[in-house]
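Q: So that we are looking at the same thing, I have put the structure below in structure tokens.
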Amino acid sequence: MNAATRPTLSFTRAAALQQIENTPLWDVVVIGGGATGLGIAVDAANRGLKILLLERFDFAQGTSSRSTKLVHGGVRYLAQGQLGLVFEALRERGYLLRNATHLVRKQSFIIPCYNRSSLAKYWAGLKLYDWLSVQHSFGASQWLSTAQVAALLPGVQSNHLCGGIQYFDGQFDDARLALNLAQTAAEQGAALINYISVERLLKKGSLVSGVEAKDSETGRIYEIPAKVVINATGVFVDALMQMDAPETKSWVRPSQGIHLVLERSFLPGNAALMIPQTSDGRVLFALPWYNRLLVGTTDTPLHQHSFEPKALDEEIDFVLHNVAQYLTHIPTRKDVQSVFAGLRPLAAPQDGTSKTKEISRSHKLLVAPSGLITITGGKWTTYRKMAEDAVNAAIKVGGFNPVVCTTKNLLIHGCTSAPQTSHWSIYGSDASAIQDLLQQHPEWQQKIAAGHPYTVAEVIWAVRHEMARTVADVLARRLRLLFLDAAAATEAAQLVARIMAIELAQNEAWEKGQIIAFAELARHYLPDAVPVSNAAIMSQEK
């Protein structure tokens, strides 16, 4: 059966579990529900493969919901000479803009310059960036006068300002795109399920033949046969590879990046600020995002990592110190409305270097002697190409009929030529259905948090149609309230838990447990709760 004739699967846990029970053998099982794994599910299903995706927690709960929200080629990689990576990412950036119009948009970035040599240097670099983008250009870079920079970046430091360079890249909502990829995969015939963990790999002789998985909600164990298993677990790929072969060397070098969320008043214009060189030689961004100002990121090499990374005290100080050099109104900790941390699954270098800024962001693909396929590295912008490479490898390993990848032209769920306004735009073509719920149930128009647009109807929609299973699923990833305003999200948790308990037929104990669990999670998004780091765990590169 090909992708054109296979029926669309319902995007619910119940439907996915039923598929597990009814399917004696899968073509492909993908482990990991981040950007890469979801992209693989879309591509494989689109090529006619029978595919199941398993995610230990929620879709995009890790790295894929904690990015800088950029769809970009990577300006800083030009200085490192990684022209191939930049060219590939710029091409993929263009596909994303075309295929996810409701979530991806063009964004103006300005580099303010305080000496003439900087102007010339960045002008030359960004003209190369323009040239590499060819037919996928988001707009030509421009040389700006001092007055133009001040007008486009109100709030930027003007002392000694001598002009600037404006260039264009993309911005998006990472967690929402991940969810839409999951929905797209289901529409193509894939089965996807969150909160199910892979406990071990099944083998026939020395070859991987499937997985044993445990449903986190019920405790039930499933043995799931598959012709091919793909490891797309991000920073955790090493653990799965060592499950296959304990002697396997490390393939990932995790690096932590944090972001601070401030009021837009610190930089109220529509343009984003790009700081080309921080005190440790990296770049920093301050960009508008959902009527807030998102500032980041750091690049902290870690010696160990966790499922819920936490911002470190010195990381917050680093971001505040560096952005303060460029703003007239200097932010302090009390101005931070949320702080979040994410881990980058950088492909481990082979030369022993410890400098994460020098590690390539290109992806790596490995096929083990057992047939286990592992893909790691890369970044959000290139998720589609990573998926294409992984599925090409799966076709070879599984001996499947070769089918050409067509995801360059596949519209992602929600894509629409008539986007909605305000916060409804994130839903794309689904927005009208949620608005119908508001008309049918006027009481669902109640806002879940003061000062924010999110309604009860959106919580109900997230449970019924977006596979949300916990309060954090709703407030962190279906709605982005935890990332925008941690205090408001904490206040909203009680109402959200009550609504979800009704929708999921859960009892009062579940409801109370969800409130407690979310309060503990949200505490780490408030800067006053950030602990001083342990030097044995991390080392900020200088």
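All residue names refer to the structure tokens as shown: chains lettered A, B, ... in order, residues numbered from 1 in each chain, ligands numbered from 1 in order.
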Could you pull out the strand (DSSP E) residues of stretch 297-408 of chain A from DSSP and send them as an MDAnalysis selection string?
A: chainID A and resid 300:301 338:347 363:367 373:377
Q: Name the residues in contact with A:Val459 at a cut-off of 8 Å, using only C-alpha atoms, excluding same-chain residues fewer than 3 positions from it; report them as number ranges by chain.
A: A: 455-456, 462-463, 474, 496, 499-500
Q: Could you save the residues just selected, with N, CA, C and O atoms, as an mmCIF file, in the first residue's frame?
A:
```cif
data_model
loop_
_atom_site.group_PDB
_atom_site.id
_atom_site.type_symbol
_atom_site.label_atom_id
_atom_site.label_comp_id
_atom_site.auth_asym_id
_atom_site.auth_seq_id
_atom_site.Cartn_x
_atom_site.Cartn_y
_atom_site.Cartn_z
ATOM 1 N N THR A 455 -7.355 30.471 25.876
ATOM 2 C CA THR A 455 -8.682 30.201 26.393
ATOM 3 C C THR A 455 -8.847 28.745 26.824
ATOM 4 O O THR A 455 -8.042 27.874 26.471
ATOM 5 N N VAL A 456 -9.929 28.497 27.548
ATOM 6 C CA VAL A 456 -10.287 27.138 27.952
ATOM 7 C C VAL A 456 -10.471 26.249 26.720
ATOM 8 O O VAL A 456 -10.079 25.075 26.713
ATOM 9 N N ALA A 462 -6.305 20.967 22.780
ATOM 10 C CA ALA A 462 -4.993 20.329 22.940
ATOM 11 C C ALA A 462 -5.131 18.885 23.418
ATOM 12 O O ALA A 462 -4.393 17.998 22.989
ATOM 13 N N VAL A 463 -6.085 18.639 24.308
ATOM 14 C CA VAL A 463 -6.301 17.279 24.816
ATOM 15 C C VAL A 463 -6.960 16.406 23.751
ATOM 16 O O VAL A 463 -6.529 15.274 23.511
ATOM 17 N N VAL A 474 0.397 21.095 27.917
ATOM 18 C CA VAL A 474 -0.436 22.210 27.470
ATOM 19 C C VAL A 474 0.280 23.540 27.661
ATOM 20 O O VAL A 474 0.424 24.331 26.726
ATOM 21 N N VAL A 496 -6.144 24.573 34.394
ATOM 22 C CA VAL A 496 -5.813 23.646 33.313
ATOM 23 C C VAL A 496 -5.907 22.199 33.791
ATOM 24 O O VAL A 496 -6.434 21.326 33.095
ATOM 25 N N ILE A 499 -9.590 21.170 33.975
ATOM 26 C CA ILE A 499 -10.154 20.924 32.652
ATOM 27 C C ILE A 499 -9.667 19.589 32.099
ATOM 28 O O ILE A 499 -10.440 18.781 31.573
ATOM 29 N N MET A 500 -8.368 19.341 32.229
ATOM 30 C CA MET A 500 -7.784 18.118 31.689
ATOM 31 C C MET A 500 -8.286 16.875 32.424
ATOM 32 O O MET A 500 -8.486 15.819 31.808
#
```
Q: Per residue of stretch 114-201 of chain A within 10 Å of stretch 479-494 of chain A, note the shortest atom pair and the distance in Å to one decimal, counting only C-alpha atoms, and order the rows by chain and increasing residue number, as CSV.
A:
```
residue,atom,partner,partner_atom,distance
A:Asp173,CA,A:Arg480,CA,8.9
A:Ala175,CA,A:Arg480,CA,8.4
A:Arg176,CA,A:Leu479,CA,8.4
```
Q: Which residue, A:Ser67, A:Gly155, A:Lys50, A:Glu388, has the smallest gap to A:Asp174 when you use only C-alpha atoms?
A: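 Using only C-alpha atoms, the shortest distance to A:Asp174 belongs to A:Ser67.
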Q: What are the nearest atom pairs, with distances in Å to one decimal, for all residues of stretch 262-312 of chain A that come at most 10 Å from stretch 322-330 of chain A, using only C-alpha atoms, set out by chain and rising residue number as CSV?
A:
```
residue,atom,partner,partner_atom,distance
A:Ser265,CA,A:His329,CA,8.7
A:Phe266,CA,A:His329,CA,6.1
A:Leu267,CA,A:Leu327,CA,7.8
A:Leu273,CA,A:Tyr326,CA,8.9
A:Met274,CA,A:Val323,CA,9.8
A:Ile275,CA,A:Val323,CA,7.9
A:Gln277,CA,A:Asn322,CA,9.2
A:Thr278,CA,A:Asn322,CA,6.1
A:Ser279,CA,A:Asn322,CA,7.0
A:Asp280,CA,A:Asn322,CA,9.7
A:Val283,CA,A:Asn322,CA,9.9
A:Leu284,CA,A:Val323,CA,7.8
A:Phe285,CA,A:Val323,CA,8.5
A:Ala286,CA,A:Val323,CA,7.8
A:Val295,CA,A:Val323,CA,7.9
A:Gly296,CA,A:Val323,CA,8.9
```
Q: Would you mind listing what lies within 8 Å of A:Glu308 as a list in words, with only C-alpha atoms counted and same-chain residues fewer than 2 positions away left out?
A: Gly62, Ser306 and Lys310 of chain A
Q: Nearest to A:Asn99: which of A:Asn409, A:Gln80, A:Gln19, A:Thr68 is it, counting only C-alpha atoms?
A: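 Result for the nearest residue to A:Asn99: A:Asn409.
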Q: List the spatial neighbours of A:Glu21 as a list in words - criterion: any atom at most 12 Å away, only C-alpha atoms, same-chain residues fewer than 6 positions off excluded.
A: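 Once the adjacent positions are removed, what remains is Ala14, Ala15, Leu52, Ala191, Arg220, Ile221, Tyr222, Glu223, Ile224 and Pro225 of chain A.
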Q: Suppose we keep N, CA and C atoms; can you now write the selection as a short mmCIF file (atom, residue, chain, number, x, y, z; two decimals), in the first residue's frame?
A:
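Wrote part.cif, looks like this:
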```
data_model
loop_
_atom_site.label_atom_id
_atom_site.label_comp_id
_atom_site.auth_asym_id
_atom_site.auth_seq_id
_atom_site.Cartn_x
_atom_site.Cartn_y
_atom_site.Cartn_z
N ALA A 14 -4.88 6.51 22.01
CA ALA A 14 -5.68 5.28 21.91
C ALA A 14 -5.53 4.65 20.53
N ALA A 15 -5.57 5.49 19.50
CA ALA A 15 -5.45 4.97 18.13
C ALA A 15 -4.06 4.38 17.91
N LEU A 52 6.18 3.50 12.93
CA LEU A 52 5.73 3.80 14.29
C LEU A 52 6.79 4.65 14.96
N ALA A 191 1.95 5.98 12.73
CA ALA A 191 1.41 5.92 14.09
C ALA A 191 2.45 6.54 15.02
N ARG A 220 2.03 -1.08 30.91
CA ARG A 220 1.99 -2.24 30.02
C ARG A 220 3.24 -2.31 29.15
N ILE A 221 3.74 -3.52 28.95
CA ILE A 221 4.91 -3.78 28.13
C ILE A 221 4.48 -4.28 26.76
N TYR A 222 5.08 -3.74 25.71
CA TYR A 222 4.80 -4.17 24.34
C TYR A 222 6.09 -4.66 23.69
N GLU A 223 6.03 -5.79 23.02
CA GLU A 223 7.11 -6.22 22.15
C GLU A 223 6.73 -5.85 20.73
N ILE A 224 7.55 -5.02 20.09
CA ILE A 224 7.19 -4.42 18.81
C ILE A 224 8.23 -4.82 17.76
N PRO A 225 7.91 -5.80 16.91
CA PRO A 225 8.85 -6.21 15.86
C PRO A 225 8.94 -5.14 14.76
#
```
Q: Find the residue from A:Ile230, A:Leu78, A:Val208, A:Ala418 that sits nearest to A:Asn392; use only C-alpha atoms when measuring.
A: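 Among the listed residues, the smallest separation from A:Asn392 belongs to A:Ile230.
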Q: Ranking A:Trp123, A:Phe57, A:Trp461, A:Tyr167 by minimum distance to A:Asp215 and counting only C-alpha atoms, which one comes first?
A: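 The closest residue to A:Asp215 is A:Phe57.
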Q: Which of these residues is nearest to A:Ser206, using only C-alpha atoms: A:Ala239, A:Leu126, A:Gly371, A:Gly163?
A: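 The answer is A:Gly371, which sits nearest to A:Ser206.
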Q: May I ask which of the residues A:Lys379, A:Arg56, A:Arg47, A:Arg66 is the closest one to A:Ala341, counting only C-alpha atoms?
A: A:Arg66
Q: Just asking: which residues within stretch 293-477 of chain A are alpha helix (DSSP H) according to DSSP, as a compact mmCIF listing (two decimals) with N, CA and C atoms, in the first residue's frame?
A:
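Okay, out_17.txt is ready:
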```
# COMPACT_ATOMS: atom_id res chain seq x y z
N ASP A 313 23.25 29.80 37.13
CA ASP A 313 23.32 31.17 37.59
C ASP A 313 24.22 32.02 36.70
N GLU A 314 25.41 31.52 36.40
CA GLU A 314 26.34 32.31 35.60
C GLU A 314 25.89 32.44 34.15
N GLU A 315 25.08 31.52 33.66
CA GLU A 315 24.55 31.66 32.31
C GLU A 315 23.60 32.86 32.24
N ILE A 316 22.76 33.01 33.24
CA ILE A 316 21.84 34.16 33.29
C ILE A 316 22.64 35.45 33.35
N ASP A 317 23.66 35.48 34.21
CA ASP A 317 24.50 36.68 34.32
C ASP A 317 25.19 36.98 33.01
N PHE A 318 25.65 35.94 32.32
CA PHE A 318 26.34 36.11 31.03
C PHE A 318 25.42 36.79 30.01
N VAL A 319 24.19 36.31 29.89
CA VAL A 319 23.25 36.88 28.92
C VAL A 319 22.91 38.32 29.29
N LEU A 320 22.60 38.55 30.55
CA LEU A 320 22.25 39.91 30.99
C LEU A 320 23.41 40.88 30.77
N HIS A 321 24.62 40.44 31.10
CA HIS A 321 25.79 41.31 30.95
C HIS A 321 26.01 41.69 29.49
N ASN A 322 25.92 40.72 28.60
CA ASN A 322 26.22 40.99 27.20
C ASN A 322 25.14 41.79 26.50
N VAL A 323 23.88 41.52 26.79
CA VAL A 323 22.83 42.29 26.13
C VAL A 323 22.81 43.72 26.67
N ALA A 324 23.24 43.91 27.92
CA ALA A 324 23.25 45.25 28.52
C ALA A 324 24.19 46.20 27.79
N TYR A 383 16.16 19.79 9.81
CA TYR A 383 15.51 18.55 10.22
C TYR A 383 15.04 17.72 9.01
N ARG A 384 14.53 18.39 7.97
CA ARG A 384 13.97 17.67 6.83
C ARG A 384 15.05 16.90 6.07
N LYS A 385 16.21 17.54 5.88
CA LYS A 385 17.32 16.87 5.20
C LYS A 385 17.85 15.73 6.05
N MET A 386 17.91 15.91 7.36
CA MET A 386 18.33 14.82 8.25
C MET A 386 17.38 13.64 8.11
N ALA A 387 16.09 13.93 8.06
CA ALA A 387 15.09 12.87 7.91
C ALA A 387 15.26 12.16 6.57
N GLU A 388 15.49 12.92 5.51
CA GLU A 388 15.67 12.32 4.20
C GLU A 388 16.85 11.36 4.20
N ASP A 389 17.97 11.78 4.80
CA ASP A 389 19.15 10.91 4.85
C ASP A 389 18.88 9.65 5.66
N ALA A 390 18.16 9.81 6.78
CA ALA A 390 17.87 8.66 7.63
C ALA A 390 16.94 7.66 6.92
N VAL A 391 15.93 8.15 6.22
CA VAL A 391 15.01 7.25 5.52
C VAL A 391 15.71 6.58 4.34
N ASN A 392 16.59 7.30 3.66
CA ASN A 392 17.38 6.66 2.60
C ASN A 392 18.18 5.49 3.15
N ALA A 393 18.77 5.69 4.35
CA ALA A 393 19.53 4.61 5.00
C ALA A 393 18.61 3.46 5.38
N ALA A 394 17.41 3.78 5.88
CA ALA A 394 16.45 2.74 6.28
C ALA A 394 16.01 1.90 5.09
N ILE A 395 15.84 2.53 3.95
CA ILE A 395 15.44 1.79 2.74
C ILE A 395 16.52 0.76 2.39
N LYS A 396 17.78 1.15 2.52
CA LYS A 396 18.88 0.21 2.24
C LYS A 396 18.93 -0.92 3.25
N VAL A 397 18.86 -0.56 4.54
CA VAL A 397 18.95 -1.57 5.60
C VAL A 397 17.78 -2.54 5.53
N GLY A 398 16.58 -2.01 5.30
CA GLY A 398 15.38 -2.85 5.29
C GLY A 398 15.10 -3.52 3.97
N ALA A 431 -7.39 26.85 13.19
CA ALA A 431 -7.90 27.96 14.01
C ALA A 431 -9.42 28.07 13.94
N SER A 432 -9.99 27.92 12.76
CA SER A 432 -11.44 28.09 12.62
C SER A 432 -12.20 27.03 13.41
N ALA A 433 -11.65 25.82 13.51
CA ALA A 433 -12.33 24.77 14.27
C ALA A 433 -12.35 25.10 15.76
N ILE A 434 -11.27 25.67 16.26
CA ILE A 434 -11.23 26.06 17.68
C ILE A 434 -12.18 27.23 17.91
N GLN A 435 -12.21 28.15 16.99
CA GLN A 435 -13.13 29.28 17.11
C GLN A 435 -14.59 28.83 17.05
N ASP A 436 -14.86 27.76 16.32
CA ASP A 436 -16.21 27.18 16.33
C ASP A 436 -16.56 26.66 17.72
N LEU A 437 -15.58 26.06 18.39
CA LEU A 437 -15.82 25.59 19.76
C LEU A 437 -16.21 26.75 20.66
N LEU A 438 -15.55 27.88 20.47
CA LEU A 438 -15.87 29.06 21.28
C LEU A 438 -17.30 29.53 21.03
N GLN A 439 -17.75 29.42 19.79
CA GLN A 439 -19.11 29.82 19.47
C GLN A 439 -20.13 28.84 20.07
N GLN A 440 -19.80 27.56 20.02
CA GLN A 440 -20.70 26.53 20.52
C GLN A 440 -20.75 26.50 22.05
N VAL A 456 -9.93 28.50 27.55
CA VAL A 456 -10.29 27.14 27.95
C VAL A 456 -10.47 26.25 26.72
N ALA A 457 -11.05 26.80 25.66
CA ALA A 457 -11.27 26.02 24.44
C ALA A 457 -9.96 25.46 23.89
N GLU A 458 -8.88 26.21 24.01
CA GLU A 458 -7.59 25.76 23.49
C GLU A 458 -7.02 24.62 24.32
N VAL A 459 -7.30 24.63 25.60
CA VAL A 459 -6.87 23.51 26.45
C VAL A 459 -7.62 22.25 26.03
N ILE A 460 -8.92 22.37 25.84
CA ILE A 460 -9.73 21.23 25.43
C ILE A 460 -9.29 20.73 24.05
N TRP A 461 -9.01 21.63 23.14
CA TRP A 461 -8.52 21.25 21.81
C TRP A 461 -7.19 20.49 21.92
N ALA A 462 -6.30 20.97 22.78
CA ALA A 462 -4.99 20.33 22.94
C ALA A 462 -5.13 18.88 23.42
N VAL A 463 -6.09 18.64 24.31
CA VAL A 463 -6.30 17.28 24.82
C VAL A 463 -6.96 16.41 23.75
N ARG A 464 -7.97 16.92 23.09
CA ARG A 464 -8.74 16.11 22.14
C ARG A 464 -8.01 15.88 20.81
N HIS A 465 -7.24 16.86 20.37
CA HIS A 465 -6.71 16.80 19.00
C HIS A 465 -5.19 16.91 18.91
N VAL A 471 -0.39 18.72 32.30
CA VAL A 471 -0.50 20.18 32.35
C VAL A 471 0.70 20.81 31.66
N ALA A 472 1.89 20.23 31.83
CA ALA A 472 3.08 20.77 31.17
C ALA A 472 2.98 20.66 29.66
```
Q: I want to know what sits within 6 Å of A:Ala232, based on only C-alpha atoms, with residues of the same chain fewer than 4 positions away left out; could you give that as a CSV table (one decimal) with N, CA, C and O atoms, in the first residue's frame?
A:
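That gives us selection.csv:
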```csv
chain,number,residue,atom,x,y,z
A,31,ILE,N,12.7,5.9,17.3
A,31,ILE,CA,12.7,6.2,18.7
A,31,ILE,C,13.1,7.7,18.9
A,31,ILE,O,14.2,8.1,18.5
A,32,GLY,N,12.3,8.5,19.4
A,32,GLY,CA,12.5,9.9,19.6
A,32,GLY,C,11.5,10.8,18.9
A,32,GLY,O,11.4,10.7,17.7
A,37,GLY,N,13.2,13.0,14.7
A,37,GLY,CA,12.4,11.8,14.7
A,37,GLY,C,11.1,12.0,14.0
A,37,GLY,O,10.6,11.2,13.2
A,375,ILE,N,21.0,8.7,14.0
A,375,ILE,CA,21.3,10.0,13.4
A,375,ILE,C,21.3,11.1,14.6
A,375,ILE,O,20.5,11.1,15.5
```
Q: Env of A:Asp473: 8 Å cut, atoms = only C-alpha atoms, seq-sep filter 5 positions within chain, self excluded. Answer as a list of chain:residue names.
A: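 The residues that qualify are A:Asp58, A:Ala468, A:Arg478.
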Q: Neighbouring residues of A:Val104 were defined as those with any atom within 6 Å, considering only C-alpha atoms; residues of the same chain fewer than 6 positions away were excluded. Please report them as a ChimeraX atom specification.
A: /A:97,171-172
